[in-house]
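As provided, start.txt (compact mmCIF, C-alpha atoms) reads as follows.
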```
# COMPACT_ATOMS: atom_id res chain seq x y z
CA MET L 1 0.00 0.00 0.00
CA LYS L 2 1.14 3.53 -0.74
CA LYS L 3 2.53 5.32 2.30
CA ASP L 4 0.01 7.73 3.77
CA ILE L 5 1.72 11.10 3.73
CA PHE L 6 0.29 14.34 5.08
CA LYS L 7 1.75 17.27 3.19
CA VAL L 8 0.80 20.91 3.71
CA GLY L 9 2.33 23.67 1.61
CA GLY L 10 5.18 21.37 0.62
CA LEU L 11 5.90 20.40 4.21
CA ILE L 12 5.49 16.82 5.35
CA LEU L 13 3.91 16.56 8.79
CA LYS L 14 4.21 13.29 10.63
CA SER L 15 0.99 13.83 12.55
CA ARG L 16 -2.40 14.78 11.16
CA LEU L 17 -3.20 16.42 14.46
CA ILE L 18 -2.19 20.06 14.83
CA VAL L 19 -2.64 21.51 18.29
CA GLY L 20 -3.10 25.00 19.65
CA THR L 21 -1.04 26.29 22.56
CA GLY L 22 -3.57 28.63 24.18
CA LYS L 23 -5.70 28.28 27.33
CA TYR L 24 -3.32 26.01 29.27
CA LYS L 25 -2.57 26.51 32.98
CA ASN L 26 1.10 27.15 32.24
CA PHE L 27 3.80 26.47 29.66
CA LYS L 28 4.83 23.24 31.36
CA GLU L 29 1.37 21.81 30.86
CA THR L 30 1.33 23.13 27.29
CA ALA L 31 4.59 21.35 26.51
CA GLU L 32 3.47 18.09 28.11
CA ALA L 33 0.18 18.11 26.22
CA VAL L 34 1.87 18.91 22.92
CA LYS L 35 4.27 16.02 23.47
CA ALA L 36 1.47 13.61 24.35
CA SER L 37 -0.52 14.69 21.28
CA GLY L 38 2.30 13.66 18.96
CA ALA L 39 1.68 16.83 16.95
CA SER L 40 4.55 18.12 14.84
CA MET L 41 2.94 21.53 14.34
CA VAL L 42 1.47 23.95 16.88
CA THR L 43 -0.36 27.21 16.46
CA VAL L 44 0.91 30.30 18.27
CA ALA L 45 -0.28 33.88 18.59
CA VAL L 46 1.69 37.10 18.05
CA ARG L 47 1.47 39.56 20.92
CA ARG L 48 3.33 42.45 22.54
CA ILE L 49 6.20 41.51 24.80
CA ASN L 50 5.64 42.44 28.44
CA ILE L 51 8.42 44.99 28.87
CA LEU L 52 7.90 45.37 32.61
CA ASP L 53 8.22 41.70 33.53
CA LYS L 54 11.66 40.70 32.33
CA LYS L 55 11.63 37.30 33.96
CA LYS L 56 8.36 36.09 32.53
CA PRO L 57 8.80 32.63 30.96
CA LEU L 58 8.57 32.40 27.19
CA LEU L 59 6.74 29.82 25.13
CA THR L 60 9.90 29.21 23.11
CA ASP L 61 11.69 28.07 26.29
CA PHE L 62 9.20 25.21 26.60
CA LEU L 63 8.47 24.37 22.97
CA ASN L 64 11.54 24.50 20.80
CA PRO L 65 10.64 25.96 17.40
CA LYS L 66 13.52 23.99 15.91
CA THR L 67 11.90 20.68 16.76
CA ILE L 68 8.24 21.60 16.51
CA LYS L 69 6.87 23.70 13.69
CA TYR L 70 5.27 26.96 14.80
CA LEU L 71 2.22 28.09 12.88
CA PRO L 72 1.58 31.75 13.75
CA ASN L 73 -2.06 32.79 13.74
CA THR L 74 -3.94 36.06 13.46
CA ALA L 75 -6.31 35.44 16.36
CA GLY L 76 -7.93 38.68 17.47
CA CYS L 77 -7.72 40.31 14.04
CA PHE L 78 -10.98 41.61 12.65
CA ASN L 79 -9.93 42.80 9.21
CA ALA L 80 -7.46 42.01 6.46
CA SER L 81 -4.99 44.77 7.28
CA GLU L 82 -4.67 43.79 10.97
CA SER L 83 -4.05 40.21 10.00
CA LEU L 84 -1.48 41.16 7.36
CA ARG L 85 0.37 43.28 9.92
CA THR L 86 0.42 40.38 12.38
CA LEU L 87 1.67 37.81 9.90
CA ARG L 88 4.35 40.06 8.46
CA LEU L 89 5.63 40.51 12.02
CA ALA L 90 5.41 36.75 12.57
CA ARG L 91 7.54 36.19 9.51
CA GLU L 92 10.11 38.64 10.85
CA ILE L 93 10.32 36.86 14.22
CA GLY L 94 11.58 33.61 12.90
CA GLY L 95 11.41 33.51 9.15
CA TRP L 96 8.12 31.59 9.08
CA THR L 97 6.23 31.75 5.84
CA MET L 98 3.65 29.13 6.77
CA VAL L 99 0.88 30.86 8.68
CA LYS L 100 -2.68 30.46 9.83
CA LEU L 101 -4.97 33.22 8.68
CA GLU L 102 -8.09 33.87 10.68
CA VAL L 103 -10.01 37.06 10.19
CA LEU L 104 -12.84 37.25 12.66
CA GLY L 105 -16.14 38.86 11.87
CA ASP L 106 -17.87 38.97 15.21
CA LYS L 107 -16.72 38.92 18.84
CA LYS L 108 -19.52 36.71 20.07
CA THR L 109 -19.35 33.93 17.51
CA LEU L 110 -15.77 34.42 16.33
CA TYR L 111 -17.19 33.46 12.99
CA PRO L 112 -14.82 34.30 10.12
CA ASP L 113 -15.30 37.42 8.00
CA MET L 114 -14.94 35.69 4.67
CA LEU L 115 -14.75 38.85 2.55
CA GLU L 116 -11.75 40.08 4.55
CA THR L 117 -10.34 36.54 4.65
CA LEU L 118 -10.39 36.28 0.86
CA LYS L 119 -8.78 39.71 0.56
CA ALA L 120 -5.98 38.84 3.00
CA THR L 121 -5.37 35.42 1.44
CA LYS L 122 -4.80 36.97 -1.96
CA ILE L 123 -2.21 39.43 -0.63
CA LEU L 124 -0.43 36.90 1.58
CA VAL L 125 -0.07 34.40 -1.27
CA LYS L 126 1.35 37.17 -3.44
CA GLU L 127 3.87 37.98 -0.71
CA GLY L 128 5.08 34.39 -0.65
CA PHE L 129 3.27 33.16 2.44
CA LYS L 130 1.94 29.63 2.68
CA VAL L 131 -1.47 30.31 4.06
CA LEU L 132 -3.65 27.90 5.99
CA VAL L 133 -7.02 29.58 6.13
CA TYR L 134 -9.63 29.37 8.86
CA CYS L 135 -12.96 29.69 7.10
CA SER L 136 -16.67 29.05 7.15
CA ASP L 137 -17.86 25.64 5.99
CA ASP L 138 -19.13 27.04 2.69
CA PRO L 139 -18.03 24.85 -0.26
CA ILE L 140 -18.01 27.74 -2.73
CA LEU L 141 -15.89 30.01 -0.56
CA ALA L 142 -13.55 27.11 0.22
CA LYS L 143 -13.03 26.63 -3.51
CA LYS L 144 -12.39 30.36 -3.93
CA LEU L 145 -9.69 30.20 -1.27
CA GLU L 146 -8.09 27.30 -3.10
CA HIS L 147 -8.11 29.27 -6.35
CA LEU L 148 -6.46 32.17 -4.58
CA GLY L 149 -3.59 29.87 -3.64
CA ALA L 150 -4.33 28.86 -0.04
CA SER L 151 -2.09 25.98 1.09
CA ALA L 152 -4.84 24.44 3.20
CA ILE L 153 -8.50 25.12 3.86
CA MET L 154 -9.56 25.06 7.49
CA PRO L 155 -13.32 25.09 7.85
CA LEU L 156 -14.82 25.36 11.30
CA ALA L 157 -16.70 22.41 12.78
CA SER L 158 -18.59 24.83 15.06
CA PRO L 159 -17.67 28.15 16.73
CA ILE L 160 -14.12 28.53 18.09
CA GLY L 161 -13.78 27.18 21.62
CA SER L 162 -17.44 26.07 21.75
CA GLY L 163 -16.72 22.33 21.82
CA GLN L 164 -19.93 21.75 19.84
CA GLY L 165 -18.34 19.26 17.47
CA ILE L 166 -19.11 18.93 13.76
CA GLN L 167 -22.38 20.68 13.03
CA ASN L 168 -22.52 20.33 9.26
CA LYS L 169 -21.13 17.05 7.97
CA ILE L 170 -22.70 17.57 4.55
CA ASN L 171 -20.91 20.87 3.94
CA LEU L 172 -17.66 19.45 5.22
CA SER L 173 -18.00 16.46 2.89
CA LEU L 174 -18.76 18.75 -0.07
CA ILE L 175 -15.64 20.79 0.69
CA ILE L 176 -13.50 17.64 0.99
CA LYS L 177 -14.82 16.11 -2.24
CA ASN L 178 -14.08 19.28 -4.18
CA ALA L 179 -10.67 20.14 -2.78
CA LYS L 180 -7.22 19.69 -4.23
CA VAL L 181 -5.50 21.12 -1.14
CA PRO L 182 -5.59 19.64 2.37
CA ILE L 183 -8.74 20.20 4.41
CA ILE L 184 -8.06 20.62 8.10
CA VAL L 185 -11.01 20.97 10.43
CA ASP L 186 -10.33 23.90 12.70
CA ALA L 187 -12.43 25.09 15.63
CA GLY L 188 -15.31 23.57 17.53
CA ILE L 189 -13.94 20.08 18.12
CA GLY L 190 -15.11 19.15 21.63
CA THR L 191 -13.84 15.68 22.28
CA ALA L 192 -11.68 12.97 20.74
CA SER L 193 -14.51 11.24 18.86
CA ASP L 194 -15.30 14.50 17.02
CA SER L 195 -11.85 14.35 15.48
CA THR L 196 -12.36 10.71 14.50
CA ILE L 197 -15.58 11.69 12.72
CA ALA L 198 -13.78 14.52 10.91
CA MET L 199 -11.06 12.14 9.76
CA GLU L 200 -13.60 9.50 8.72
CA LEU L 201 -15.32 12.09 6.57
CA GLY L 202 -12.02 12.38 4.73
CA CYS L 203 -10.44 15.44 6.29
CA ASP L 204 -6.66 15.54 5.93
CA GLY L 205 -6.08 16.82 9.42
CA VAL L 206 -7.59 18.32 12.54
CA LEU L 207 -6.63 21.38 14.57
CA VAL L 208 -7.50 21.20 18.26
CA ASN L 209 -6.89 23.57 21.15
CA SER L 210 -9.69 24.06 23.70
CA ALA L 211 -10.82 20.42 23.73
CA ILE L 212 -7.37 19.46 25.03
CA ALA L 213 -6.49 22.51 27.12
CA LYS L 214 -9.90 22.67 28.81
CA ALA L 215 -10.17 18.93 29.55
CA LYS L 216 -9.85 17.97 33.23
CA LYS L 217 -6.68 16.10 32.34
CA PRO L 218 -5.24 17.88 29.30
CA VAL L 219 -2.21 15.62 28.84
CA LEU L 220 -4.33 12.47 28.81
CA MET L 221 -6.83 14.12 26.46
CA ALA L 222 -3.95 15.06 24.15
CA GLU L 223 -2.97 11.41 23.88
CA SER L 224 -6.59 10.48 23.34
CA PHE L 225 -6.74 12.91 20.39
CA LYS L 226 -3.57 11.44 18.97
CA ASN L 227 -5.18 8.00 18.90
CA ALA L 228 -8.55 9.32 17.72
CA VAL L 229 -7.02 11.06 14.70
CA ILE L 230 -4.95 8.01 13.75
CA SER L 231 -8.01 5.82 14.21
CA GLY L 232 -10.22 8.06 12.08
CA ARG L 233 -7.66 8.20 9.30
CA GLN L 234 -7.24 4.41 9.29
CA SER L 235 -10.99 4.00 9.26
CA PHE L 236 -11.31 6.40 6.31
CA LEU L 237 -8.58 4.61 4.35
CA SER L 238 -10.17 1.24 5.09
CA GLY L 239 -13.50 2.20 3.54
CA ARG L 240 -16.47 1.51 5.75
CA MET L 241 -18.98 -1.26 5.12
CA PRO L 242 -22.24 -0.36 3.41
CA LYS L 243 -25.19 0.40 5.67
CA LEU L 244 -28.01 -2.16 5.47
CA PHE L 245 -31.62 -1.71 6.41
CA TYR L 246 -32.02 -5.21 7.89
CA ALA L 247 -29.70 -7.44 9.90
CA ASP L 248 -27.10 -9.66 8.25
CA ALA L 249 -25.83 -12.48 10.51
CA SER L 250 -22.08 -12.71 11.00
CA SER L 251 -22.06 -16.49 11.62
CA PRO L 252 -22.66 -18.78 8.62
CA LYS L 253 -25.97 -20.63 8.28
CA LYS L 254 -24.24 -23.69 6.82
CA GLY L 255 -23.66 -26.53 9.29
CA LEU L 256 -26.20 -25.20 11.73
CA ILE L 257 -27.13 -27.97 14.23
CA MET O 258 19.28 58.63 12.54
CA ASN O 259 20.47 60.70 15.47
CA VAL O 260 24.19 61.09 15.88
CA GLY O 261 26.43 63.74 17.46
CA ILE O 262 26.87 65.26 20.89
CA LEU O 263 23.79 67.44 20.78
CA ASN O 264 21.46 64.55 20.23
CA ILE O 265 22.86 62.55 23.10
CA LEU O 266 21.48 65.16 25.48
CA ILE O 267 18.03 65.14 23.94
CA MET O 268 15.36 63.06 25.57
CA ALA O 269 12.94 61.24 23.32
CA LYS O 270 9.33 60.79 24.33
CA ILE O 271 8.29 57.52 22.79
CA GLN O 272 5.59 54.90 22.99
CA LEU O 273 6.83 51.36 23.56
CA ASN O 274 4.20 48.63 23.33
CA GLY O 275 1.52 51.19 24.07
CA ARG O 276 3.36 52.57 27.11
CA LYS O 277 4.61 56.18 27.21
CA LEU O 278 8.31 56.41 28.01
CA GLU O 279 11.08 58.94 28.05
CA LEU O 280 14.44 57.73 26.82
CA SER O 281 17.68 59.33 25.88
CA SER O 282 17.88 59.36 22.12
CA LYS O 283 21.30 57.74 22.22
CA HIS O 284 19.45 54.43 22.20
CA SER O 285 19.56 52.29 19.12
CA ILE O 286 17.01 49.49 18.81
CA THR O 287 19.74 47.06 19.86
CA SER O 288 20.45 48.99 23.04
CA LEU O 289 16.75 49.36 23.76
CA LEU O 290 16.36 45.58 23.54
CA LYS O 291 19.37 45.16 25.80
CA LYS O 292 17.92 47.60 28.33
CA TYR O 293 14.79 45.45 28.59
CA LYS O 294 16.75 42.18 28.44
CA ILE O 295 14.95 41.04 25.31
CA ASP O 296 16.49 38.34 23.16
CA GLU O 297 16.46 39.84 19.68
CA LYS O 298 16.24 36.41 18.05
CA LYS O 299 12.80 35.81 19.54
CA ILE O 300 11.06 39.03 18.60
CA ALA O 301 10.11 41.37 15.80
CA VAL O 302 10.17 45.16 15.98
CA GLU O 303 7.81 47.60 14.35
CA LEU O 304 8.81 51.25 14.25
CA ASN O 305 6.07 53.72 13.36
CA SER O 306 4.03 50.96 11.72
CA LYS O 307 6.93 49.64 9.66
CA ILE O 308 8.71 46.38 10.38
CA VAL O 309 12.40 46.88 11.08
CA ASN O 310 14.74 44.41 9.45
CA ARG O 311 16.78 42.80 12.24
CA ASN O 312 20.04 43.66 10.47
CA LYS O 313 19.21 47.32 11.06
CA TYR O 314 18.62 47.20 14.83
CA LYS O 315 22.09 48.57 15.46
CA LEU O 316 21.78 51.36 12.93
CA ILE O 317 18.42 52.80 13.86
CA TYR O 318 18.27 55.28 16.75
CA ILE O 319 15.19 56.11 18.74
CA LYS O 320 13.85 59.59 18.19
CA ASP O 321 11.13 61.74 19.70
CA LYS O 322 7.51 60.60 19.07
CA ASP O 323 8.54 57.17 17.85
CA LYS O 324 5.99 54.43 18.27
CA ILE O 325 7.65 51.08 18.81
CA GLU O 326 6.07 47.67 19.04
CA ILE O 327 8.03 44.62 20.12
CA VAL O 328 6.19 41.35 19.62
CA HIS O 329 6.84 37.67 20.19
CA PHE O 330 5.02 34.36 20.09
CA ILE O 331 2.71 33.32 22.89
CA GLY O 332 0.26 30.45 23.32
CA GLY O 333 -2.68 30.58 20.94
CA GLY O 334 -5.13 28.44 19.01
```

Written form, structure tokens:
Amino acid sequence: MKKDIFKVGGLILKSRLIVGTGKYKNFKETAEAVKASGASMVTVAVRRINILDKKKPLLTDFLNPKTIKYLPNTAGCFNASESLRTLRLAREIGGWTMVKLEVLGDKKTLYPDMLETLKATKILVKEGFKVLVYCSDDPILAKKLEHLGASAIMPLASPIGSGQGIQNKINLSLIIKNAKVPIIVDAGIGTASDSTIAMELGCDGVLVNSAIAKAKKPVLMAESFKNAVISGRQSFLSGRMPKLFYADASSPKKGLI
Amino acid sequence: MNVGILNILIMAKIQLNGRKLELSSKHSITSLLKKYKIDEKKIAVELNSKIVNRNKYKLIYIKDKDKIEIVHFIGGG
């Protein structure tokens, strides 16, 4: 069988699970959870340095960007120009060109502003960025992002941090069937089985933050997600049995006493 | 760029990460980072809304009314 390789923007990732690094108790817990998840890529945010607290620990002291790929995001940006500013700064920090674009449209739902997202994607691609784009689960807009040169399409399963799981399997399936770039479900995953379902639908990867960080035991949940994503992928590749209306006995009738 | 004896005596009122500060204008970006014990490999600097190439940190001096942003990576989803 052909080796199952997960490639995003020319980069081979050994895990189909990408994890976020927000909402943890501390950096130690973040690092332990990331390790347990088996993820080879993590999302990070770009923020002002605290100039008054010189001894504050840094994320980079706990997660080495040389061994784990950092994917800078634009969380908190509500228009194209804010997100461009953030990602240009991110590129300057460490030379990253692979980034996660998320342009939010509303504070309450954190639903993406797709008009601004499309605008920003176009510019970022032109500037040489490899853009993984958080987006609505609209198949037409997903295709537009692909045409603009997005490296991966990241439709939401449900609102960011809501843990509501996959709310529109049909749309997600339509996006997957149409896509020539990786589809990574981003946002809304609530528990490990949600990620299995996403992978069984044929997603190429899953991005999870809150479901791990907000679990009672984040490190254990991280490992659970690792297994769930592998399991879902294997299940997808295996091809499920057809659904039948009536029962079909598993033991043969022949030789029945 | 501010060079020369006169400039050394001038104080620059700047904004650093949204905070109002008064600094002597003899500070380059490199010396500003040193003053705050910031590892220049882990950050990016924006001066008056323009990203500063890290090769230029030594050459650019802080002047009055400058708005400086120093950013780094933190945990995020």

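With distances taken over all atoms listed in the file, O:Lys324 is the one residue among O:Lys313, O:Lys298, O:Lys324, O:Lys291 lying closest to O:Arg276.
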
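Taking atom CA of L:Val44 as the reference point, atom CA of L:Gly22 is found at 7.6 Å.
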
Mind giving me the straight-line distance from atom CA of L:Gly239 to atom CA of L:Ser37 in Å, one decimal? 25.3 Å

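Here atom CA of L:Ile160 is placed at a distance of 10.4 Å from atom CA of L:Ala211.
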
What residues in chain O have any atom no more than 7 Å from chain L when counting only C-alpha atoms, and can you write them as a PyMOL selection string? chain O and resi 274+293-294+299-301+308+326-334

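Using all atoms listed in the file for every distance, the candidate list L:Ala198, L:Val219, L:Ala31, L:Ala249 yields L:Ala198 as the residue closest to L:Ser235.
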
Would you kindly return, as a PyMOL selection string, each protein, DNA or RNA residue with an atom no farther than 7 Å from any atom of L:Cys135, considering all atoms listed in the file and excluding same-chain residues fewer than 4 positions away? chain L and resi 112+114+154-156
